[in-house]
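Below: run_23.cif (mmCIF, C-alpha atoms)
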data_run
loop_
_atom_site.label_atom_id
_atom_site.label_comp_id
_atom_site.auth_asym_id
_atom_site.auth_seq_id
_atom_site.Cartn_x
_atom_site.Cartn_y
_atom_site.Cartn_z
CA MET B 1 -18.21 8.39 53.18
CA MET B 2 -15.63 9.64 50.65
CA LYS B 3 -13.80 6.34 50.94
CA LEU B 4 -17.02 4.44 50.18
CA VAL B 5 -17.70 6.59 47.08
CA SER B 6 -14.16 5.99 45.85
CA VAL B 7 -14.55 2.24 46.23
CA VAL B 8 -17.90 2.28 44.39
CA LEU B 9 -16.42 4.31 41.50
CA LEU B 10 -13.45 1.96 41.31
CA LEU B 11 -15.78 -1.03 41.04
CA LEU B 12 -17.97 0.67 38.43
CA ALA B 13 -15.10 1.93 36.27
CA PRO B 14 -14.86 -1.14 33.99
CA ALA B 15 -18.60 -1.10 33.36
CA LEU B 16 -18.64 2.63 32.66
CA THR B 17 -15.69 2.31 30.32
CA SER B 18 -17.30 -0.55 28.42
CA CYS B 19 -20.27 1.70 27.66
CA LEU B 20 -18.07 4.14 25.74
CA PRO B 21 -18.01 3.74 21.94
CA LEU B 22 -15.05 1.69 20.74
CA VAL B 23 -12.92 3.77 18.38
CA LEU B 24 -11.67 1.62 15.52
CA PRO B 25 -9.24 3.51 13.30
CA LEU B 26 -9.87 3.11 9.59
CA ASP B 27 -6.38 4.24 8.63
CA CYS B 28 -3.22 5.93 9.89
CA SER B 29 -4.86 9.34 9.61
CA ASP B 30 -7.44 8.33 12.25
CA ILE B 31 -4.60 7.19 14.53
CA TYR B 32 -2.72 10.47 14.01
CA ASN B 33 -5.82 12.60 14.58
CA HIS B 34 -6.46 10.80 17.87
CA ASP B 35 -2.88 11.39 19.04
CA ASN B 36 -0.52 13.40 16.82
CA THR B 37 2.50 12.45 18.94
CA ARG B 38 2.43 8.85 17.69
CA PRO B 39 5.71 7.90 15.96
CA SER B 40 6.07 6.04 12.67
CA GLY B 41 5.62 2.30 13.16
CA VAL B 42 3.22 -0.64 13.02
CA TYR B 43 -0.41 -0.03 14.04
CA THR B 44 -3.71 -1.90 13.77
CA ILE B 45 -6.45 -0.55 11.52
CA TYR B 46 -9.96 -1.78 10.69
CA PRO B 47 -10.68 -1.13 6.99
CA ILE B 48 -13.88 -3.21 6.87
CA GLY B 49 -15.18 -2.93 10.44
CA ALA B 50 -14.58 -4.58 13.83
CA THR B 51 -13.70 -8.04 12.50
CA SER B 52 -11.19 -6.79 9.91
CA ALA B 53 -8.19 -5.95 12.11
CA VAL B 54 -5.00 -5.74 10.06
CA GLN B 55 -1.54 -4.40 10.81
CA VAL B 56 -0.01 -1.67 8.66
CA TYR B 57 3.04 0.55 8.78
CA CYS B 58 2.14 4.19 9.43
CA ASP B 59 4.54 6.85 8.15
CA MET B 60 4.02 9.74 10.56
CA ASP B 61 7.03 11.71 9.29
CA SER B 62 6.91 12.24 5.52
CA ASP B 63 5.32 15.54 4.51
CA GLY B 64 3.09 15.94 7.55
CA GLY B 65 2.66 12.23 8.25
CA ARG B 66 -0.62 10.28 8.38
CA TRP B 67 0.48 8.01 5.47
CA MET B 68 -0.72 4.39 5.49
CA VAL B 69 1.68 2.08 3.64
CA PHE B 70 -0.09 -0.57 1.56
CA GLN B 71 2.96 -1.89 -0.31
CA ARG B 72 6.62 -2.03 0.75
CA ARG B 73 9.82 -3.62 -0.55
CA MET B 74 13.05 -3.16 1.37
CA ASP B 75 15.23 -6.28 1.52
CA GLY B 76 13.86 -9.09 -0.65
CA SER B 77 12.74 -11.15 2.35
CA VAL B 78 9.19 -11.73 1.05
CA ASN B 79 8.22 -13.47 -2.19
CA PHE B 80 5.81 -11.23 -4.16
CA TYR B 81 5.20 -13.71 -7.00
CA ARG B 82 1.88 -14.88 -5.59
CA PRO B 83 -1.61 -15.86 -6.77
CA TRP B 84 -4.77 -13.77 -6.86
CA ASP B 85 -6.24 -14.86 -3.52
CA GLN B 86 -3.10 -13.75 -1.66
CA TYR B 87 -3.03 -10.35 -3.35
CA LYS B 88 -6.71 -10.02 -2.49
CA LYS B 89 -6.18 -10.85 1.19
CA GLY B 90 -2.66 -9.48 1.76
CA PHE B 91 0.63 -11.01 2.88
CA GLY B 92 3.98 -10.29 4.52
CA SER B 93 4.70 -8.39 7.74
CA ALA B 94 3.91 -4.71 8.35
CA ALA B 95 7.27 -4.38 10.12
CA GLY B 96 9.04 -5.39 6.90
CA GLU B 97 7.94 -6.20 3.37
CA TYR B 98 4.21 -6.59 2.78
CA TRP B 99 1.13 -6.06 0.65
CA LEU B 100 -1.98 -4.90 2.52
CA GLY B 101 -4.53 -6.63 0.30
CA LEU B 102 -6.75 -5.46 -2.55
CA GLU B 103 -10.02 -6.01 -0.69
CA SER B 104 -8.92 -3.82 2.24
CA LEU B 105 -7.61 -1.21 -0.19
CA PHE B 106 -10.93 -1.18 -2.06
CA HIS B 107 -12.94 -0.61 1.12
CA LEU B 108 -10.59 2.15 2.26
CA THR B 109 -10.79 4.09 -0.99
CA LEU B 110 -14.56 3.54 -1.09
CA ARG B 111 -15.00 5.32 2.25
CA LYS B 112 -12.57 8.23 1.85
CA LYS B 113 -10.83 10.18 -0.91
CA TYR B 114 -7.09 9.42 -0.83
CA GLU B 115 -3.87 10.77 -2.27
CA LEU B 116 -0.88 8.53 -3.03
CA LEU B 117 2.84 8.90 -2.32
CA VAL B 118 5.41 6.52 -3.80
CA ASP B 119 8.82 6.71 -2.09
CA MET B 120 11.87 4.91 -3.50
CA GLU B 121 15.62 4.55 -3.08
CA ASP B 122 18.37 3.13 -5.29
CA PHE B 123 21.45 1.20 -4.18
CA SER B 124 23.58 4.35 -4.20
CA GLY B 125 21.51 6.01 -1.50
CA ASN B 126 19.59 8.34 -3.82
CA ASN B 127 15.93 8.99 -2.99
CA ALA B 128 13.03 10.05 -5.18
CA SER B 129 9.25 10.15 -5.02
CA ALA B 130 6.11 10.49 -7.08
CA ARG B 131 2.85 11.87 -5.72
CA TYR B 132 -0.71 11.63 -7.02
CA SER B 133 -3.57 13.75 -5.72
CA SER B 134 -6.19 11.06 -6.35
CA PHE B 135 -6.00 7.29 -5.86
CA SER B 136 -8.71 4.62 -5.67
CA ILE B 137 -9.53 1.13 -6.87
CA GLU B 138 -12.80 -0.52 -7.82
CA SER B 139 -14.32 -3.73 -6.42
CA GLU B 140 -13.21 -7.28 -7.16
CA SER B 141 -16.11 -7.70 -9.60
CA ASP B 142 -14.55 -4.83 -11.57
CA GLY B 143 -11.08 -6.37 -11.36
CA TYR B 144 -9.89 -3.92 -8.68
CA LYS B 145 -9.43 -1.40 -11.50
CA LEU B 146 -6.98 1.40 -10.70
CA HIS B 147 -7.82 5.12 -10.79
CA VAL B 148 -4.86 7.43 -10.27
CA SER B 149 -4.33 11.06 -11.33
CA GLY B 150 -2.87 14.41 -10.34
CA PHE B 151 0.85 13.68 -10.63
CA THR B 152 3.44 15.81 -8.81
CA ASP B 153 7.11 15.04 -9.42
CA GLY B 154 9.41 14.37 -6.48
CA GLY B 155 12.30 13.43 -8.73
CA ALA B 156 11.07 9.97 -9.77
CA GLY B 157 9.00 10.93 -12.79
CA ASP B 158 5.55 9.58 -13.60
CA SER B 159 5.58 5.81 -14.12
CA LEU B 160 2.08 5.14 -12.77
CA SER B 161 -0.24 7.08 -15.10
CA TYR B 162 0.46 4.43 -17.76
CA HIS B 163 -1.33 1.97 -15.43
CA ASN B 164 -4.39 4.16 -14.85
CA GLY B 165 -7.66 2.41 -15.73
CA GLN B 166 -6.10 -1.06 -15.65
CA LYS B 167 -7.39 -4.09 -13.76
CA PHE B 168 -5.10 -6.02 -11.41
CA THR B 169 -3.27 -9.04 -12.85
CA THR B 170 -1.60 -12.01 -11.15
CA PHE B 171 -0.08 -15.11 -12.76
CA ASP B 172 -3.35 -16.99 -12.23
CA LYS B 173 -5.72 -14.16 -13.18
CA ASP B 174 -4.89 -12.33 -16.41
CA GLN B 175 -6.70 -8.98 -16.71
CA ASP B 176 -4.07 -6.80 -18.41
CA SER B 177 -4.17 -5.17 -21.86
CA SER B 178 -1.50 -7.44 -23.34
CA SER B 179 -2.01 -10.60 -25.38
CA LYS B 180 0.24 -12.35 -22.86
CA ASN B 181 -0.04 -12.58 -19.06
CA CYS B 182 2.13 -9.68 -17.86
CA ALA B 183 2.38 -11.08 -14.32
CA ARG B 184 4.00 -14.25 -15.67
CA ASP B 185 6.11 -12.34 -18.17
CA ARG B 186 7.34 -9.74 -15.62
CA LEU B 187 7.39 -12.11 -12.62
CA GLY B 188 5.19 -9.92 -10.44
CA ALA B 189 1.60 -8.74 -9.99
CA PHE B 190 0.21 -5.27 -10.62
CA TRP B 191 -2.23 -3.11 -12.52
CA TYR B 192 -0.38 -4.07 -15.69
CA ASN B 193 -1.18 -2.41 -18.98
CA GLY B 194 0.84 -4.01 -21.74
CA CYS B 195 3.03 -4.47 -19.62
CA HIS B 196 4.59 -1.87 -17.26
CA ASN B 197 6.36 1.37 -16.46
CA ALA B 198 6.16 0.47 -12.76
CA ASN B 199 6.76 -3.02 -11.38
CA PRO B 200 6.97 -2.58 -7.59
CA ASN B 201 5.97 -6.21 -6.96
CA GLY B 202 8.61 -7.67 -9.27
CA VAL B 203 11.68 -9.75 -8.38
CA TYR B 204 13.95 -8.17 -5.76
CA ARG B 205 17.35 -7.78 -7.43
CA LEU B 206 20.47 -5.76 -6.61
CA GLY B 207 20.35 -2.71 -8.85
CA ALA B 208 21.29 -2.83 -12.53
CA ASP B 209 20.60 -6.28 -13.97
CA ASP B 210 19.46 -7.09 -17.50
CA THR B 211 19.95 -10.86 -17.25
CA ILE B 212 16.18 -11.19 -17.61
CA SER B 213 14.76 -7.91 -18.87
CA ALA B 214 12.16 -5.86 -16.97
CA VAL B 215 11.36 -8.27 -14.13
CA GLY B 216 12.87 -6.30 -11.22
CA VAL B 217 11.38 -3.82 -8.72
CA GLU B 218 11.27 -1.03 -11.29
CA TRP B 219 10.17 2.57 -11.76
CA TYR B 220 10.99 3.19 -15.41
CA GLN B 221 10.89 7.00 -15.47
CA TRP B 222 13.55 7.19 -12.75
CA LYS B 223 16.06 4.35 -13.27
CA GLY B 224 15.05 2.76 -16.55
CA ARG B 225 13.85 -0.70 -17.53
CA ASP B 226 16.53 -2.91 -15.97
CA TYR B 227 17.35 -1.30 -12.62
CA SER B 228 15.79 -2.97 -9.57
CA LEU B 229 15.28 -0.56 -6.67
CA LYS B 230 16.60 -1.04 -3.15
CA THR B 231 13.35 0.18 -1.55
CA ILE B 232 9.92 1.27 -2.68
CA SER B 233 6.76 1.96 -0.70
CA MET B 234 3.28 2.98 -1.79
CA LYS B 235 1.29 4.88 0.82
CA ILE B 236 -2.03 6.72 0.99
CA ARG B 237 -3.69 9.29 3.23
CA PRO B 238 -7.06 11.09 3.10
CA VAL B 239 -7.23 14.27 1.05
CA GLN B 240 -7.81 17.22 3.36
#
What is this structure when it is put down as structure tokens?
Amino acid sequence: MMKLVSVVLLLLAPALTSCLPLVLPLDCSDIYNHDNTRPSGVYTIYPIGATSAVQVYCDMDSDGGRWMVFQRRMDGSVNFYRPWDQYKKGFGSAAGEYWLGLESLFHLTLRKKYELLVDMEDFSGNNASARYSSFSIESESDGYKLHVSGFTDGGAGDSLSYHNGQKFTTFDKDQDSSSKNCARDRLGAFWYNGCHNANPNGVYRLGADDTISAVGVEWYQWKGRDYSLKTISMKIRPVQ
């Protein structure tokens, strides 16, 4: 009799399991909360529901972990001088250099309140960071306007507050506060003002280089206008 019950349960297991609600993580925090032993690495999240699977890099180590990286530069392997539709959708590889996508980022910050951490490294092995207690962006119809505040210095200084309240600009969609197209002028794409103190999506160059001014991967308050960083990553997690 026991053997028969075991066989029946074995046969029913798939059906019973399929009746359980499918847990779709919205961000890296959901993944961490489900299993806090998960290491840093690439995971799949669902920022806009079941059909919106996208891979991201989850930083489970920095300051308590749970950080979801939405922008990362590390070796110059990916071209970031791209048009609006690609910045909207996202590009690159979560295992390397990538941009998550403005539409996914909008839906994430619509559903939760997030803080922002910007980590960076120069070519001499020095590290610095900048942290903001509040980060969100508006919808595409509002130009994916940036809202960032609550700066805490981790050695990098505050290069992002200058961009607060700005719409996103690419070389084919000019929404900055300058009379020129800052994306074309600075060879990147960002929430440009007129133009930038931060240019994380600029041209990947090897440190100090003023051949063409202010087009590198820059964080002005740390390394100045013509120093292109070795690495930079922008990552968010829900405010507890």
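Once the PyMOL selection byres ((chain B and resi 32) around 12) is applied to this file, the selection holds Pro25, Leu26, Asp27, Cys28, Ser29, Asp30, Ile31, Asn33, His34, Asp35, Asn36, Thr37, Arg38, Pro39, Ser40, Gly41, Tyr43, Ile45, Cys58, Asp59, Met60, Asp61, Gly64, Gly65, Arg66, Trp67, Met68, Arg237 and Pro238 of chain B.
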Neighbouring residues of Leu100 (chain B) were defined as those with any atom within 9 Å, considering all atoms listed in the file; residues of the same chain fewer than 5 positions away were excluded. Please report them as a PyMOL selection string. chain B and resi 54-56+69-71+87-92+94+105
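The coordinates place CA of Glu218 (chain B) at 15.7 Å from CA of Arg184 (chain B).
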Applying the PyMOL selection byres ((chain B and resi 147-160) around 6) to the file I just gave you, which residues come out? Please list them as an NGL selection string. :B and (128-137 or 146 or 161-165 or 197-198 or 221-222)
Using only C-alpha atoms, find each residue of region 43-125 of chain B with at least one atom at most 7 Å away from an atom of region 224-233 of chain B; report its shortest atom-to-atom pair and that distance in Å (one decimal), sort the rows by chain and rising residue number, and return the result as CSV.
residue,atom,partner,partner_atom,distance
B:Val69,CA,B:Ser233,CA,6.7
B:Gln71,CA,B:Ser233,CA,5.4
B:Arg72,CA,B:Ser233,CA,4.2
B:Arg73,CA,B:Thr231,CA,5.3
B:Met74,CA,B:Thr231,CA,4.4
B:Val118,CA,B:Ser233,CA,5.7
B:Asp119,CA,B:Ser233,CA,5.4
B:Met120,CA,B:Ile232,CA,4.2
B:Glu121,CA,B:Thr231,CA,5.2
B:Asp122,CA,B:Leu229,CA,5.0
B:Phe123,CA,B:Lys230,CA,5.4
Record the distance separating CA of Arg186 (chain B) and CA of Val215 (chain B), expressed in Å with one decimal. 4.5 Å
Please write as a PyMOL selection string the full residue list that the PyMOL selection byres ((chain B and resi 192) around 10) yields on this file. chain B and resi 146+160+162-170+174-178+181-183+186+188-191+193-199
CA of Ile236 (chain B) to CA of Glu115 (chain B): how many Å, to one decimal?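 So the answer is 5.5 Å.
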Residue nearest Asn126 (chain B) among B:Lys223, B:Trp84, B:Glu103, B:Lys235 (counting all atoms listed in the file):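 When distances to Asn126 (chain B) are compared using all atoms listed in the file, the smallest one comes from B:Lys223.
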Specify the axis-aligned box that encloses all atoms of region 164-170 of chain B listed in the file after padding of 4 Å on each side, stating its centre and edge lengths in Å to one decimal as JSON.
{"center_x": -4.6, "center_y": -3.9, "center_z": -13.4, "size_x": 14.1, "size_y": 24.2, "size_z": 12.6}
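Near Glu138 (chain B), within 9 Å and counting only C-alpha atoms, sit Phe106, His107, Thr109, Leu110, Ser141, Asp142, Gly143, Tyr144, Lys145, Leu146, His147 and Lys167 of chain B, not including residues fewer than 3 positions from it in the same chain.
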Under the rule that only C-alpha atoms are counted, which of B:Ser52, B:Lys113, B:Asp85, B:Phe80 is the nearest residue to Lys173 (chain B)?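 Smallest separation from Lys173 (chain B) among the options: B:Asp85.
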Generate the coordinates of all heavy atoms for region 205-216 of chain B; report them as a CSV table (one decimal), in the frame of the given file.
chain,number,residue,atom,x,y,z
B,205,ARG,N,16.0,-7.6,-6.9
B,205,ARG,CA,17.4,-7.8,-7.4
B,205,ARG,C,18.2,-6.6,-7.0
B,205,ARG,O,17.7,-5.6,-6.5
B,205,ARG,CB,17.4,-7.9,-9.0
B,205,ARG,CG,16.5,-9.0,-9.4
B,205,ARG,CD,16.8,-9.5,-10.8
B,205,ARG,NE,16.4,-8.5,-11.9
B,205,ARG,CZ,16.6,-8.7,-13.2
B,205,ARG,NH1,17.2,-9.8,-13.6
B,205,ARG,NH2,16.3,-7.8,-14.0
B,206,LEU,N,19.5,-6.7,-7.2
B,206,LEU,CA,20.5,-5.8,-6.6
B,206,LEU,C,20.9,-4.7,-7.7
B,206,LEU,O,22.0,-4.8,-8.2
B,206,LEU,CB,21.7,-6.5,-6.0
B,206,LEU,CG,21.4,-7.5,-4.9
B,206,LEU,CD1,22.7,-8.2,-4.4
B,206,LEU,CD2,20.6,-6.9,-3.8
B,207,GLY,N,20.0,-3.8,-7.9
B,207,GLY,CA,20.4,-2.7,-8.8
B,207,GLY,C,20.3,-3.1,-10.3
B,207,GLY,O,19.4,-3.8,-10.8
B,208,ALA,N,21.3,-2.6,-11.1
B,208,ALA,CA,21.3,-2.8,-12.5
B,208,ALA,C,21.5,-4.3,-12.9
B,208,ALA,O,22.4,-4.9,-12.4
B,208,ALA,CB,22.4,-2.0,-13.2
B,209,ASP,N,20.5,-4.8,-13.6
B,209,ASP,CA,20.6,-6.3,-14.0
B,209,ASP,C,19.7,-6.5,-15.2
B,209,ASP,O,18.5,-6.4,-15.1
B,209,ASP,CB,20.2,-7.1,-12.8
B,209,ASP,CG,20.4,-8.6,-13.0
B,209,ASP,OD1,20.5,-9.0,-14.1
B,209,ASP,OD2,20.4,-9.4,-12.0
B,210,ASP,N,20.3,-6.8,-16.3
B,210,ASP,CA,19.5,-7.1,-17.5
B,210,ASP,C,19.5,-8.6,-17.9
B,210,ASP,O,19.3,-8.9,-19.1
B,210,ASP,CB,19.9,-6.2,-18.7
B,210,ASP,CG,21.4,-6.4,-19.1
B,210,ASP,OD1,22.0,-7.2,-18.4
B,210,ASP,OD2,21.8,-5.8,-20.0
B,211,THR,N,19.9,-9.4,-17.0
B,211,THR,CA,20.0,-10.9,-17.2
B,211,THR,C,18.6,-11.4,-17.8
B,211,THR,O,18.6,-12.1,-18.8
B,211,THR,CB,20.3,-11.7,-16.0
B,211,THR,OG1,21.5,-11.1,-15.4
B,211,THR,CG2,20.6,-13.1,-16.3
B,212,ILE,N,17.5,-11.0,-17.1
B,212,ILE,CA,16.2,-11.2,-17.6
B,212,ILE,C,15.5,-9.8,-17.6
B,212,ILE,O,15.4,-9.2,-16.6
B,212,ILE,CB,15.4,-12.2,-16.7
B,212,ILE,CG1,16.1,-13.5,-16.6
B,212,ILE,CG2,14.0,-12.4,-17.3
B,212,ILE,CD1,15.4,-14.4,-15.6
B,213,SER,N,15.2,-9.3,-18.7
B,213,SER,CA,14.8,-7.9,-18.9
B,213,SER,C,13.4,-7.6,-18.2
B,213,SER,O,12.5,-8.4,-18.3
B,213,SER,CB,14.7,-7.5,-20.3
B,213,SER,OG,14.3,-6.2,-20.5
B,214,ALA,N,13.4,-6.5,-17.5
B,214,ALA,CA,12.2,-5.9,-17.0
B,214,ALA,C,11.4,-6.7,-16.0
B,214,ALA,O,10.2,-6.7,-15.9
B,214,ALA,CB,11.3,-5.5,-18.1
B,215,VAL,N,12.1,-7.5,-15.1
B,215,VAL,CA,11.4,-8.3,-14.1
B,215,VAL,C,11.6,-7.8,-12.7
B,215,VAL,O,11.1,-8.3,-11.8
B,215,VAL,CB,11.7,-9.8,-14.2
B,215,VAL,CG1,11.4,-10.3,-15.6
B,215,VAL,CG2,13.2,-10.0,-13.9
B,216,GLY,N,12.5,-6.8,-12.5
B,216,GLY,CA,12.9,-6.3,-11.2
B,216,GLY,C,11.9,-5.4,-10.6
B,216,GLY,O,10.8,-5.1,-11.2
